[in-house]
file final_26.txt (compact mmCIF, C-alpha atoms)
# COMPACT_ATOMS: atom_id res chain seq x y z
CA MET A 21 -34.25 -76.72 15.57
CA PRO A 22 -31.80 -76.01 18.42
CA SER A 23 -28.09 -75.88 17.74
CA PRO A 24 -26.24 -79.10 18.57
CA PRO A 25 -24.57 -79.10 21.97
CA ARG A 26 -20.97 -78.00 22.28
CA SER A 27 -18.50 -80.86 22.49
CA ARG A 28 -16.52 -81.17 25.68
CA ALA A 29 -13.78 -83.45 26.85
CA GLY A 30 -15.25 -86.63 28.24
CA PRO A 31 -14.99 -90.40 28.24
CA GLY A 32 -17.07 -90.92 25.12
CA PRO A 33 -19.15 -93.96 24.20
CA LEU A 34 -16.03 -96.03 23.43
CA ALA A 35 -14.09 -95.24 26.61
CA GLY A 36 -11.99 -98.24 27.55
CA VAL A 37 -11.81 -99.63 24.01
CA VAL A 38 -8.21 -100.05 22.80
CA VAL A 39 -7.49 -99.95 19.07
CA ALA A 40 -4.24 -101.21 17.54
CA ASP A 41 -4.05 -99.20 14.33
CA PHE A 42 -1.67 -100.67 11.73
CA SER A 43 -3.30 -98.70 8.91
CA ARG A 44 -1.91 -95.79 6.95
CA VAL A 45 -2.88 -93.14 4.41
CA LEU A 46 -6.66 -92.59 4.54
CA ALA A 47 -9.37 -95.27 4.79
CA GLY A 48 -8.06 -96.95 7.95
CA PRO A 49 -6.77 -93.80 9.68
CA TYR A 50 -10.10 -92.04 9.06
CA ALA A 51 -12.01 -94.92 10.68
CA THR A 52 -9.65 -95.09 13.66
CA MET A 53 -9.74 -91.32 14.18
CA LEU A 54 -13.52 -91.43 14.44
CA LEU A 55 -13.20 -94.26 16.95
CA ALA A 56 -10.69 -92.15 18.89
CA ASP A 57 -13.04 -89.16 18.87
CA MET A 58 -15.62 -91.44 20.51
CA GLY A 59 -13.22 -92.13 23.36
CA ALA A 60 -11.24 -95.16 22.17
CA THR A 61 -7.52 -95.33 22.96
CA VAL A 62 -5.86 -95.61 19.55
CA VAL A 63 -2.24 -96.69 19.21
CA LYS A 64 -1.02 -95.88 15.71
CA VAL A 65 1.78 -98.20 14.58
CA GLU A 66 4.15 -96.56 12.10
CA ARG A 67 7.27 -97.78 10.37
CA PRO A 68 10.46 -96.33 11.89
CA ASP A 69 11.85 -94.89 8.64
CA GLY A 70 9.46 -91.97 8.30
CA GLY A 71 6.09 -93.31 9.38
CA ASP A 72 2.78 -93.01 7.58
CA ASP A 73 3.22 -92.12 3.90
CA THR A 74 1.04 -89.04 4.33
CA ARG A 75 3.57 -87.44 6.66
CA SER A 76 5.49 -86.52 3.49
CA TRP A 77 2.47 -85.56 1.36
CA GLY A 78 2.68 -81.82 0.84
CA PRO A 79 2.42 -78.98 0.27
CA PRO A 80 0.50 -77.59 2.04
CA TRP A 81 2.26 -77.77 5.40
CA SER A 82 1.39 -76.36 8.80
CA ASP A 83 4.10 -76.05 11.46
CA GLY A 84 6.16 -78.46 9.38
CA LEU A 85 3.42 -81.10 9.34
CA SER A 86 1.51 -82.32 6.32
CA THR A 87 -2.05 -81.01 6.45
CA TYR A 88 -3.09 -84.33 4.85
CA PHE A 89 -1.66 -86.30 7.79
CA GLN A 90 -3.28 -83.90 10.25
CA ALA A 91 -6.71 -84.50 8.70
CA VAL A 92 -7.11 -88.09 9.97
CA ASN A 93 -4.71 -88.65 12.87
CA ARG A 94 -5.91 -86.70 15.90
CA ASN A 95 -6.48 -88.35 19.28
CA LYS A 96 -3.83 -91.02 18.60
CA ARG A 97 -0.56 -92.07 20.19
CA SER A 98 1.99 -93.07 17.57
CA VAL A 99 4.63 -95.73 18.06
CA ALA A 100 7.54 -96.72 15.84
CA CYS A 101 7.64 -100.41 15.04
CA ASP A 102 9.72 -102.37 12.54
CA LEU A 103 7.48 -105.32 11.78
CA SER A 104 10.38 -107.07 10.03
CA ALA A 105 12.25 -107.25 13.36
CA PRO A 106 11.34 -110.18 15.66
CA ALA A 107 11.37 -108.10 18.85
CA ASP A 108 9.05 -105.48 17.35
CA ARG A 109 6.74 -108.19 16.01
CA ARG A 110 6.48 -109.65 19.48
CA ALA A 111 5.64 -106.22 20.87
CA ALA A 112 3.06 -105.74 18.14
CA LEU A 113 1.45 -109.09 18.98
CA GLU A 114 1.36 -108.09 22.64
CA LEU A 115 -0.36 -104.84 21.62
CA CYS A 116 -2.97 -106.89 19.73
CA GLY A 117 -3.38 -109.12 22.78
CA ARG A 118 -4.32 -106.09 24.89
CA ALA A 119 -6.50 -104.47 22.25
CA ASP A 120 -10.20 -104.72 21.50
CA VAL A 121 -9.82 -103.79 17.83
CA VAL A 122 -7.11 -104.23 15.21
CA VAL A 123 -7.26 -102.26 11.97
CA GLU A 124 -4.84 -102.90 9.11
CA ASN A 125 -4.72 -102.07 5.42
CA PHE A 126 -1.63 -103.86 4.15
CA ARG A 127 -1.88 -105.90 0.99
CA ALA A 128 -3.79 -109.11 1.61
CA GLY A 129 -1.57 -111.73 3.24
CA THR A 130 1.08 -109.33 4.56
CA MET A 131 -0.02 -109.53 8.20
CA ASP A 132 -0.30 -113.34 7.93
CA ARG A 133 3.31 -113.56 6.79
CA LEU A 134 4.34 -111.44 9.79
CA GLY A 135 2.50 -113.68 12.25
CA LEU A 136 0.02 -110.86 12.93
CA GLY A 137 -2.84 -112.02 10.73
CA PRO A 138 -6.40 -112.50 11.97
CA ALA A 139 -5.91 -116.19 12.78
CA ASP A 140 -2.79 -115.44 14.83
CA VAL A 141 -4.37 -112.54 16.70
CA LEU A 142 -7.71 -114.29 17.33
CA ARG A 143 -5.81 -117.27 18.71
CA ALA A 144 -4.03 -114.97 21.16
CA ASN A 145 -7.08 -112.81 21.84
CA PRO A 146 -10.39 -114.53 20.96
CA ARG A 147 -12.36 -111.35 21.73
CA ILE A 148 -10.57 -109.20 19.18
CA VAL A 149 -12.40 -107.41 16.38
CA TYR A 150 -9.90 -107.58 13.53
CA CYS A 151 -10.65 -105.35 10.52
CA SER A 152 -8.73 -105.72 7.25
CA ILE A 153 -9.12 -103.04 4.58
CA THR A 154 -7.92 -103.87 1.07
CA GLY A 155 -8.28 -102.42 -2.38
CA PHE A 156 -9.80 -105.39 -4.17
CA GLY A 157 -10.35 -108.09 -1.55
CA SER A 158 -8.23 -111.02 -0.43
CA GLY A 159 -8.89 -113.33 -3.39
CA ALA A 160 -8.04 -112.80 -7.05
CA GLY A 161 -7.52 -109.07 -6.46
CA ALA A 162 -5.19 -109.46 -3.51
CA ASP A 163 -2.11 -108.15 -5.33
CA LEU A 164 -3.77 -105.12 -6.90
CA PRO A 165 -2.77 -101.74 -5.41
CA GLY A 166 -5.64 -99.86 -3.78
CA TYR A 167 -5.02 -96.23 -4.72
CA ASP A 168 -8.14 -94.08 -4.69
CA ILE A 169 -7.85 -92.67 -8.22
CA LEU A 170 -7.38 -96.20 -9.53
CA LEU A 171 -10.54 -97.32 -7.74
CA GLN A 172 -12.46 -94.32 -9.04
CA ALA A 173 -11.37 -95.36 -12.55
CA VAL A 174 -11.90 -99.12 -12.56
CA GLY A 175 -14.87 -98.92 -10.17
CA GLY A 176 -16.93 -96.80 -12.58
CA LEU A 177 -17.04 -93.54 -10.63
CA MET A 178 -14.95 -91.60 -13.15
CA SER A 179 -17.23 -92.77 -15.97
CA ILE A 180 -20.14 -90.82 -14.44
CA THR A 181 -18.12 -87.79 -13.29
CA GLY A 182 -17.22 -84.87 -15.53
CA GLU A 183 -18.83 -83.23 -18.52
CA ALA A 184 -20.86 -85.32 -20.94
CA GLY A 185 -18.53 -86.51 -23.69
CA GLY A 186 -15.51 -85.02 -21.91
CA GLU A 187 -12.53 -86.49 -20.11
CA PRO A 188 -13.43 -88.83 -17.24
CA THR A 189 -12.92 -86.94 -13.99
CA LYS A 190 -12.16 -88.01 -10.46
CA VAL A 191 -13.97 -86.56 -7.48
CA GLY A 192 -11.91 -83.82 -5.82
CA VAL A 193 -11.29 -85.83 -2.63
CA ALA A 194 -10.35 -89.49 -2.12
CA VAL A 195 -14.01 -90.35 -1.68
CA VAL A 196 -13.59 -94.13 -2.11
CA ASP A 197 -11.23 -94.21 0.85
CA VAL A 198 -13.66 -92.13 2.90
CA VAL A 199 -16.61 -94.40 2.08
CA ALA A 200 -14.55 -97.52 2.85
CA GLY A 201 -13.42 -95.96 6.13
CA LEU A 202 -17.03 -95.33 7.11
CA HIS A 203 -17.96 -98.90 6.20
CA ALA A 204 -15.06 -100.14 8.33
CA LEU A 205 -16.26 -97.98 11.22
CA ALA A 206 -19.81 -99.35 10.97
CA GLY A 207 -18.56 -102.92 10.83
CA ILE A 208 -16.26 -102.45 13.83
CA LEU A 209 -19.05 -100.98 15.95
CA ALA A 210 -21.40 -103.82 14.99
CA ALA A 211 -18.73 -106.42 15.75
CA LEU A 212 -18.02 -104.83 19.14
CA ARG A 213 -21.73 -105.08 19.92
CA HIS A 214 -21.65 -108.78 18.99
CA ARG A 215 -18.44 -109.33 20.99
CA ASP A 216 -19.90 -107.70 24.08
CA ALA A 217 -23.02 -109.86 23.81
CA THR A 218 -21.30 -113.19 23.09
CA GLY A 219 -17.62 -112.83 23.99
CA GLN A 220 -16.75 -113.77 20.42
CA GLY A 221 -14.39 -111.75 18.25
CA GLN A 222 -14.27 -111.94 14.49
CA HIS A 223 -12.46 -110.92 11.32
CA LEU A 224 -14.02 -108.16 9.20
CA GLN A 225 -13.00 -107.54 5.61
CA VAL A 226 -13.73 -104.26 3.83
CA ASN A 227 -12.50 -103.55 0.33
CA LEU A 228 -12.54 -100.33 -1.62
CA LEU A 229 -14.14 -101.74 -4.77
CA THR A 230 -17.30 -103.11 -3.17
CA SER A 231 -17.45 -100.06 -0.90
CA LEU A 232 -17.54 -97.91 -4.02
CA LEU A 233 -20.13 -100.08 -5.74
CA SER A 234 -22.34 -99.87 -2.66
CA GLY A 235 -21.82 -96.10 -2.57
CA LEU A 236 -22.87 -95.73 -6.22
CA VAL A 237 -26.44 -96.53 -5.05
CA ASN A 238 -28.92 -95.40 -7.74
CA GLN A 239 -26.32 -95.55 -10.53
CA VAL A 240 -25.56 -99.21 -9.84
CA SER A 241 -29.28 -99.92 -9.44
CA ALA A 242 -29.94 -98.41 -12.88
CA TYR A 243 -27.57 -100.97 -14.40
CA LEU A 244 -28.61 -103.97 -12.31
CA ASN A 245 -32.36 -103.47 -12.63
CA ALA A 246 -32.88 -101.63 -15.92
CA GLY A 247 -29.77 -102.54 -17.90
CA THR A 248 -28.93 -98.84 -18.16
CA VAL A 249 -25.22 -98.06 -18.05
CA PRO A 250 -24.99 -94.52 -16.62
CA ARG A 251 -22.70 -91.99 -18.27
CA ALA A 252 -21.27 -88.64 -17.24
CA LEU A 253 -23.80 -85.80 -17.30
CA GLY A 254 -21.66 -83.03 -15.87
CA ASN A 255 -23.56 -81.52 -12.96
CA ARG A 256 -26.89 -82.93 -14.04
CA HIS A 257 -28.88 -85.68 -12.37
CA PRO A 258 -29.95 -88.63 -14.55
CA SER A 259 -33.44 -88.80 -13.01
CA ILE A 260 -34.34 -85.30 -11.72
CA ALA A 261 -34.61 -81.83 -13.30
CA PRO A 262 -33.78 -79.08 -12.69
CA TYR A 263 -31.07 -80.54 -10.46
CA GLU A 264 -27.85 -78.91 -11.65
CA VAL A 265 -25.77 -75.76 -11.95
CA VAL A 266 -27.55 -72.75 -13.46
CA ARG A 267 -26.34 -69.20 -14.08
CA ALA A 268 -27.26 -66.08 -12.17
CA LYS A 269 -26.08 -62.64 -13.28
CA ASP A 270 -22.75 -62.82 -11.47
CA ARG A 271 -21.98 -66.44 -10.59
CA PRO A 272 -23.29 -69.99 -10.82
CA LEU A 273 -25.76 -71.40 -8.36
CA VAL A 274 -27.28 -74.82 -7.85
CA LEU A 275 -30.93 -75.79 -8.05
CA ALA A 276 -31.97 -79.15 -6.53
CA VAL A 277 -35.68 -79.28 -7.36
CA GLY A 278 -36.94 -82.68 -6.26
CA ASN A 279 -40.72 -82.48 -6.80
CA ASP A 280 -43.50 -80.66 -8.62
CA ARG A 281 -44.35 -78.46 -5.64
CA GLN A 282 -40.81 -77.12 -5.47
CA PHE A 283 -40.81 -76.56 -9.23
CA ALA A 284 -44.05 -74.57 -9.06
CA ALA A 285 -42.60 -72.43 -6.25
CA LEU A 286 -39.44 -71.86 -8.29
CA CYS A 287 -41.38 -70.73 -11.33
CA ASP A 288 -43.65 -68.49 -9.28
CA GLU A 289 -40.74 -66.75 -7.55
CA LEU A 290 -39.01 -66.24 -10.90
CA GLY A 291 -42.14 -64.66 -12.32
CA ALA A 292 -42.41 -67.54 -14.79
CA GLY A 293 -45.47 -69.36 -13.53
CA HIS A 294 -46.35 -70.36 -17.08
CA LEU A 295 -43.44 -72.83 -17.07
CA ALA A 296 -45.06 -74.90 -14.34
CA ALA A 297 -48.19 -75.21 -16.51
CA ASP A 298 -46.25 -76.05 -19.69
CA PRO A 299 -47.02 -79.71 -20.58
CA ARG A 300 -43.32 -80.29 -21.23
CA PHE A 301 -42.41 -79.37 -17.66
CA ALA A 302 -45.50 -80.32 -15.64
CA SER A 303 -43.96 -83.57 -14.39
CA ASN A 304 -40.44 -84.52 -13.36
CA ALA A 305 -40.21 -87.07 -16.18
CA GLY A 306 -41.13 -84.35 -18.66
CA ARG A 307 -38.59 -81.96 -17.17
CA VAL A 308 -35.86 -84.58 -17.53
CA GLU A 309 -36.87 -85.23 -21.14
CA HIS A 310 -36.94 -81.51 -22.01
CA ARG A 311 -34.11 -80.46 -19.74
CA GLU A 312 -32.19 -78.42 -22.33
CA ALA A 313 -35.15 -76.21 -23.14
CA LEU A 314 -36.12 -75.82 -19.50
CA VAL A 315 -32.65 -74.80 -18.27
CA ALA A 316 -32.25 -72.32 -21.11
CA LEU A 317 -35.51 -70.63 -20.08
CA LEU A 318 -34.54 -70.62 -16.40
CA ASN A 319 -31.13 -69.13 -17.16
CA GLU A 320 -32.75 -66.25 -19.05
CA VAL A 321 -34.61 -65.22 -15.92
CA LEU A 322 -31.85 -65.99 -13.44
CA ALA A 323 -29.42 -63.82 -15.43
CA THR A 324 -31.41 -60.72 -14.45
CA ALA A 325 -30.19 -60.73 -10.81
CA ALA A 326 -27.19 -61.74 -8.73
CA ALA A 327 -26.97 -65.14 -7.05
CA ASP A 328 -27.00 -63.59 -3.57
CA GLN A 329 -30.35 -61.99 -4.45
CA TRP A 330 -31.91 -65.17 -5.80
CA VAL A 331 -30.80 -67.59 -3.08
CA PRO A 332 -32.63 -66.05 -0.09
CA ARG A 333 -35.76 -65.45 -2.16
CA LEU A 334 -35.89 -69.00 -3.46
CA ALA A 335 -34.95 -70.53 -0.12
CA ALA A 336 -37.80 -68.64 1.54
CA ARG A 337 -40.16 -70.39 -0.89
CA GLY A 338 -38.76 -73.82 -0.02
CA VAL A 339 -36.73 -74.20 -3.21
CA PRO A 340 -33.44 -76.04 -2.53
CA CYS A 341 -30.70 -73.81 -3.89
CA GLY A 342 -27.29 -72.40 -3.08
CA THR A 343 -24.17 -70.81 -4.45
CA VAL A 344 -21.17 -72.86 -5.54
CA ASN A 345 -18.90 -72.21 -2.56
CA GLY A 346 -15.21 -72.62 -2.07
CA ILE A 347 -14.00 -74.61 0.93
CA ASP A 348 -13.49 -71.33 2.82
CA GLU A 349 -17.07 -70.27 2.16
CA ALA A 350 -18.36 -73.73 3.12
CA VAL A 351 -16.61 -73.56 6.50
CA GLU A 352 -17.96 -70.04 7.04
CA LEU A 353 -21.49 -71.21 6.17
CA ALA A 354 -21.35 -74.03 8.71
CA ALA A 355 -20.13 -71.55 11.33
CA ARG A 356 -22.99 -69.14 10.57
CA LEU A 357 -25.45 -72.02 10.98
CA GLY A 358 -24.11 -72.72 14.47
CA LEU A 359 -22.60 -76.09 13.53
CA GLU A 360 -19.19 -75.27 15.03
CA PRO A 361 -17.34 -76.93 12.13
CA VAL A 362 -13.79 -76.30 13.39
CA VAL A 363 -12.11 -77.48 16.57
CA ALA A 364 -8.67 -76.56 17.86
CA VAL A 365 -6.84 -79.63 19.12
CA ARG A 366 -3.71 -79.36 21.28
CA ASP A 367 -0.99 -81.92 21.75
CA ASP A 368 0.84 -82.51 25.01
CA ARG A 369 3.39 -79.86 24.04
CA GLY A 370 0.81 -77.16 23.44
CA ARG A 371 0.93 -77.28 19.63
CA VAL A 372 -2.48 -76.51 18.10
CA SER A 373 -3.99 -78.11 15.01
CA ARG A 374 -7.27 -76.83 13.55
CA GLN A 375 -9.50 -79.70 12.55
CA ALA A 376 -12.88 -80.42 11.00
CA ARG A 377 -15.07 -81.53 13.89
CA HIS A 378 -16.37 -85.03 14.45
CA PRO A 379 -19.54 -85.37 12.33
CA ILE A 380 -21.82 -86.92 14.98
CA TRP A 381 -23.39 -85.16 17.95
CA PHE A 382 -24.01 -87.35 21.01
CA SER A 383 -26.35 -85.92 23.63
CA ALA A 384 -24.87 -87.96 26.49
CA THR A 385 -21.37 -89.01 25.38
CA PRO A 386 -19.99 -86.32 23.08
CA ALA A 387 -16.89 -86.66 20.95
CA SER A 388 -13.73 -85.25 22.49
CA TYR A 389 -10.58 -83.75 21.06
CA ARG A 390 -7.71 -84.76 23.32
CA LEU A 391 -4.58 -84.80 21.19
CA ALA A 392 -3.41 -83.11 18.02
CA PRO A 393 -1.96 -85.40 15.34
CA PRO A 394 1.48 -86.47 16.60
CA ALA A 395 4.55 -84.90 15.04
CA TRP A 396 7.30 -87.33 14.11
CA ASP A 397 9.40 -86.32 17.12
CA GLN A 398 6.48 -87.34 19.37
CA VAL A 399 6.43 -90.94 18.13
CA GLN A 400 7.16 -93.33 21.00
CA ARG A 401 8.64 -96.81 21.35
CA ILE A 402 5.98 -99.49 21.03
CA GLU A 403 7.18 -101.24 24.19
CA ASP A 404 6.68 -98.09 26.26
CA VAL A 405 3.10 -97.58 25.11
CA VAL A 406 2.10 -101.25 25.39
CA ALA A 407 3.34 -101.25 28.98
CA LEU A 408 0.84 -98.51 29.83
CA LEU A 409 -2.17 -100.43 28.48
CA PRO A 410 -4.30 -102.55 30.80
CA PRO A 411 -3.63 -106.29 30.54
CA PRO A 412 -6.28 -108.40 28.85
CA ASP A 413 -9.23 -109.39 31.02
CA PRO A 414 -9.28 -113.20 31.16
CA ASP A 415 -12.97 -113.12 32.10
CA GLY A 416 -13.94 -110.82 29.18

call {"tool": "encode", "arguments": {"input": "final_26.txt", "output": "structure tokens"}}
result
Amino acid sequence: MPSPPRSRAGPGPLAGVVVADFSRVLAGPYATMLLADMGATVVKVERPDGGDDTRSWGPPWSDGLSTYFQAVNRNKRSVACDLSAPADRRAALELCGRADVVVENFRAGTMDRLGLGPADVLRANPRIVYCSITGFGSGAGADLPGYDILLQAVGGLMSITGEAGGEPTKVGVAVVDVVAGLHALAGILAALRHRDATGQGQHLQVNLLTSLLSGLVNQVSAYLNAGTVPRALGNRHPSIAPYEVVRAKDRPLVLAVGNDRQFAALCDELGAGHLAADPRFASNAGRVEHREALVALLNEVLATAAADQWVPRLAARGVPCGTVNGIDEAVELAARLGLEPVVAVRDDRGRVSRQARHPIWFSATPASYRLAPPAWDQVQRIEDVVALLPPPDPDG
């Protein structure tokens, strides 16, 4: 398979789309950054007393900027706007009137009280795609705070993460926010397609709780269709074996054996072909049932050689496996595979921020990296930026 093409500066598939981004922290900013990578003009609206909360989330810092903020705010122009001030609210409404997309993640009802809610904006701009991201929806859960660890707890994710019988454990990144941001992105793109076909805008609502439940896929299905309430199994899979961390001589590695053919190849390469013929392990269901015995036998063999010896041998036989890498090793792996995982993004003052690349390769309209995340001293007045945007097209 050829390496994906190198990204280059270009208009992108969303060139000409203007996004008014009232979101902060992670879910909304992640969605709007991906839109910006695709060529959209994103105007990030920040409060004037310090901006996005994540500007102060550190350490670590890089050139005085929070690395958290840098992760999801490239390709944006930031403006300071006090939405409690009438003049700034009017400027914000004008921004929405010139935009194609509005994204906000205030508590439900906040934008309505400010005169910037979906009804207000759609009245002023009937073609707008207005996306609201909340923690628990706009109904009975409207007042609940949408922090990721809270969602991982009440949404069931922590109950299936961690060692069996141990303390519930959160995932090591704010994965609920990321999933919700991706759902918001998908909804926005679909709504833009509808808008371009019909001229009709609409209000999208994405909430973190149902985003998480959707993202729990097979675990939710186990409960809904079989009445099985999943529990934490550590690194083990509830329905597949061996699909977990095992031990080589020097370090752990992961086996992800998804079918009988892969299991036979694993056993053959380990010099333990008799395990594939053992009635306990001949089928996946049997391997799940007798997992403890199976993994103990595999670990005995794997302990005779280092992980870096086993991985290439097993991979050559088509057995999914790999070492448990740190983030540094993961980035290096992607680079060795020709995936160009890191991009250097400059701002208009020459400051460079190293970023994880956009995750999609477009053969005709590649993502572009035009601006590093804006430092606080680069934040502009909202009136100045709105004045540079094209006026709304009365003909659509």

call {"tool": "closest_residue", "arguments": {"input": "final_26.txt", "among": "A:Leu229, A:Ala144, A:Leu54, A:Val266", "to": "Leu317 in chain A", "atoms": "all atoms listed in the file"}}
result
A:Val266

call {"tool": "closest_residue", "arguments": {"input": "final_26.txt", "among": "A:Leu233, A:Val405, A:Ala261, A:Val363", "to": "Tyr389 in chain A", "atoms": "all atoms listed in the file"}}
result
A:Val363

call {"tool": "residues_near_point", "arguments": {"input": "final_26.txt", "point": "(-33.8, -76.4, -6.7)", "cutoff": "8 Å", "atoms": "all atoms listed in the file", "output": "PyMOL selection string"}}
result
chain A and resi 262-263+274-278+282-283+286+339-341

call {"tool": "closest_residue", "arguments": {"input": "final_26.txt", "among": "A:Met131, A:Arg267, A:Val198, A:Gln225", "to": "Ala316 in chain A", "atoms": "all atoms listed in the file"}}
result
A:Arg267

call {"tool": "residues_around", "arguments": {"input": "final_26.txt", "residues": "range 350-353 of chain A", "least_positions_apart": "5", "cutoff": "12 Å", "atoms": "all atoms listed in the file", "output": "number ranges by chain"}}
result
A: 342-345, 358-363, 375-377

call {"tool": "residues_around", "arguments": {"input": "final_26.txt", "residues": "Thr74 in chain A", "least_positions_apart": "5", "cutoff": "8 Å", "atoms": "only C-alpha atoms", "output": "NGL selection string"}}
result
:A and (44-45 or 86 or 88-89)

call {"tool": "atom_distance", "arguments": {"input": "final_26.txt", "atom1": "CA of Leu205 in chain A", "atom2": "CA of Leu170 in chain A"}}
result
22.6 Å

call {"tool": "atom_distance", "arguments": {"input": "final_26.txt", "atom1": "CA of Val63 in chain A", "atom2": "CA of Phe42 in chain A"}}
result
8.5 Å

call {"tool": "atom_distance", "arguments": {"input": "final_26.txt", "atom1": "CA of Ala56 in chain A", "atom2": "CA of Ala162 in chain A"}}
result
28.8 Å

call {"tool": "residues_around", "arguments": {"input": "final_26.txt", "residues": "Arg333 in chain A", "least_positions_apart": "4", "cutoff": "8 Å", "atoms": "only C-alpha atoms", "output": "JSON, numbers by chain"}}
result
{"A": [289, 329, 337]}

call {"tool": "residues_around", "arguments": {"input": "final_26.txt", "residues": "Ala407 in chain A", "least_positions_apart": "4", "cutoff": "10 Å", "atoms": "all atoms listed in the file", "output": "number ranges by chain"}}
result
A: 111, 114-115, 118, 402-403, 411

call {"tool": "residues_near_point", "arguments": {"input": "final_26.txt", "point": "(-6.0, -94.4, -7.2)", "cutoff": "10 Å", "atoms": "only C-alpha atoms", "output": "number ranges by chain"}}
result
A: 155, 165-174, 190, 194, 196-197

call {"tool": "residues_around", "arguments": {"input": "final_26.txt", "residues": "Gly254 in chain A", "least_positions_apart": "3", "cutoff": "9 Å", "atoms": "only C-alpha atoms", "output": "list in words"}}
result
Ile180, Thr181, Gly182, Glu183, Ala184, Gly186, His257 and Glu264 of chain A

call {"tool": "write_last_selection", "arguments": {"input": "final_26.txt", "atoms": "C-alpha atoms", "output": "compact mmCIF listing (two decimals), keeping the file's coordinate frame"}}
result
# COMPACT_ATOMS: atom_id res chain seq x y z
CA ILE A 180 -20.14 -90.82 -14.44
CA THR A 181 -18.12 -87.79 -13.29
CA GLY A 182 -17.22 -84.87 -15.53
CA GLU A 183 -18.83 -83.23 -18.52
CA ALA A 184 -20.86 -85.32 -20.94
CA GLY A 186 -15.51 -85.02 -21.91
CA HIS A 257 -28.88 -85.68 -12.37
CA GLU A 264 -27.85 -78.91 -11.65

call {"tool": "closest_residue", "arguments": {"input": "final_26.txt", "among": "A:Val122, A:Ala292, A:Leu46, A:Leu202", "to": "Val92 in chain A", "atoms": "all atoms listed in the file"}}
result
A:Leu46

call {"tool": "closest_residue", "arguments": {"input": "final_26.txt", "among": "A:Asn95, A:Gly201, A:Leu391, A:Ala210", "to": "Asp57 in chain A", "atoms": "all atoms listed in the file"}}
result
A:Asn95

call {"tool": "closest_residue", "arguments": {"input": "final_26.txt", "among": "A:Ile208, A:Leu273, A:Met178, A:Ala364", "to": "Pro250 in chain A", "atoms": "all atoms listed in the file"}}
result
A:Met178

call {"tool": "build_atoms", "arguments": {"input": "final_26.txt", "residues": "range 377-391 of chain A", "atoms": "N, CA and C atoms", "output": "JSON list (two decimals), keeping the file's coordinate frame"}}
result
[["chain", "number", "residue", "atom", "x", "y", "z"],
["A", 377, "ARG", "N", -14.52, -80.85, 12.72],
["A", 377, "ARG", "CA", -15.07, -81.53, 13.89],
["A", 377, "ARG", "C", -15.58, -82.93, 13.55],
["A", 378, "HIS", "N", -15.73, -83.73, 14.58],
["A", 378, "HIS", "CA", -16.37, -85.03, 14.45],
["A", 378, "HIS", "C", -17.80, -84.82, 13.93],
["A", 379, "PRO", "N", -18.26, -85.65, 12.99],
["A", 379, "PRO", "CA", -19.54, -85.37, 12.33],
["A", 379, "PRO", "C", -20.79, -85.78, 13.09],
["A", 380, "ILE", "N", -20.65, -86.43, 14.25],
["A", 380, "ILE", "CA", -21.82, -86.92, 14.98],
["A", 380, "ILE", "C", -21.92, -86.18, 16.31],
["A", 381, "TRP", "N", -23.13, -85.74, 16.65],
["A", 381, "TRP", "CA", -23.39, -85.16, 17.95],
["A", 381, "TRP", "C", -24.05, -86.21, 18.85],
["A", 382, "PHE", "N", -23.46, -86.44, 20.02],
["A", 382, "PHE", "CA", -24.01, -87.35, 21.01],
["A", 382, "PHE", "C", -24.55, -86.51, 22.16],
["A", 383, "SER", "N", -25.78, -86.74, 22.56],
["A", 383, "SER", "CA", -26.35, -85.92, 23.63],
["A", 383, "SER", "C", -25.78, -86.28, 25.00],
["A", 384, "ALA", "N", -25.36, -87.54, 25.18],
["A", 384, "ALA", "CA", -24.87, -87.96, 26.49],
["A", 384, "ALA", "C", -23.37, -88.21, 26.52],
["A", 385, "THR", "N", -22.79, -88.63, 25.40],
["A", 385, "THR", "CA", -21.37, -89.01, 25.38],
["A", 385, "THR", "C", -20.69, -88.34, 24.19],
["A", 386, "PRO", "N", -20.49, -87.03, 24.25],
["A", 386, "PRO", "CA", -19.99, -86.32, 23.08],
["A", 386, "PRO", "C", -18.57, -86.70, 22.69],
["A", 387, "ALA", "N", -18.27, -86.48, 21.43],
["A", 387, "ALA", "CA", -16.89, -86.66, 20.95],
["A", 387, "ALA", "C", -15.97, -85.71, 21.71],
["A", 388, "SER", "N", -14.71, -86.10, 21.82],
["A", 388, "SER", "CA", -13.73, -85.25, 22.49],
["A", 388, "SER", "C", -12.49, -85.12, 21.62],
["A", 389, "TYR", "N", -11.75, -84.08, 21.87],
["A", 389, "TYR", "CA", -10.58, -83.75, 21.06],
["A", 389, "TYR", "C", -9.41, -83.59, 22.02],
["A", 390, "ARG", "N", -8.68, -84.69, 22.24],
["A", 390, "ARG", "CA", -7.71, -84.76, 23.32],
["A", 390, "ARG", "C", -6.29, -84.49, 22.88],
["A", 391, "LEU", "N", -5.96, -84.90, 21.65],
["A", 391, "LEU", "CA", -4.58, -84.80, 21.19],
["A", 391, "LEU", "C", -4.53, -84.39, 19.73]]
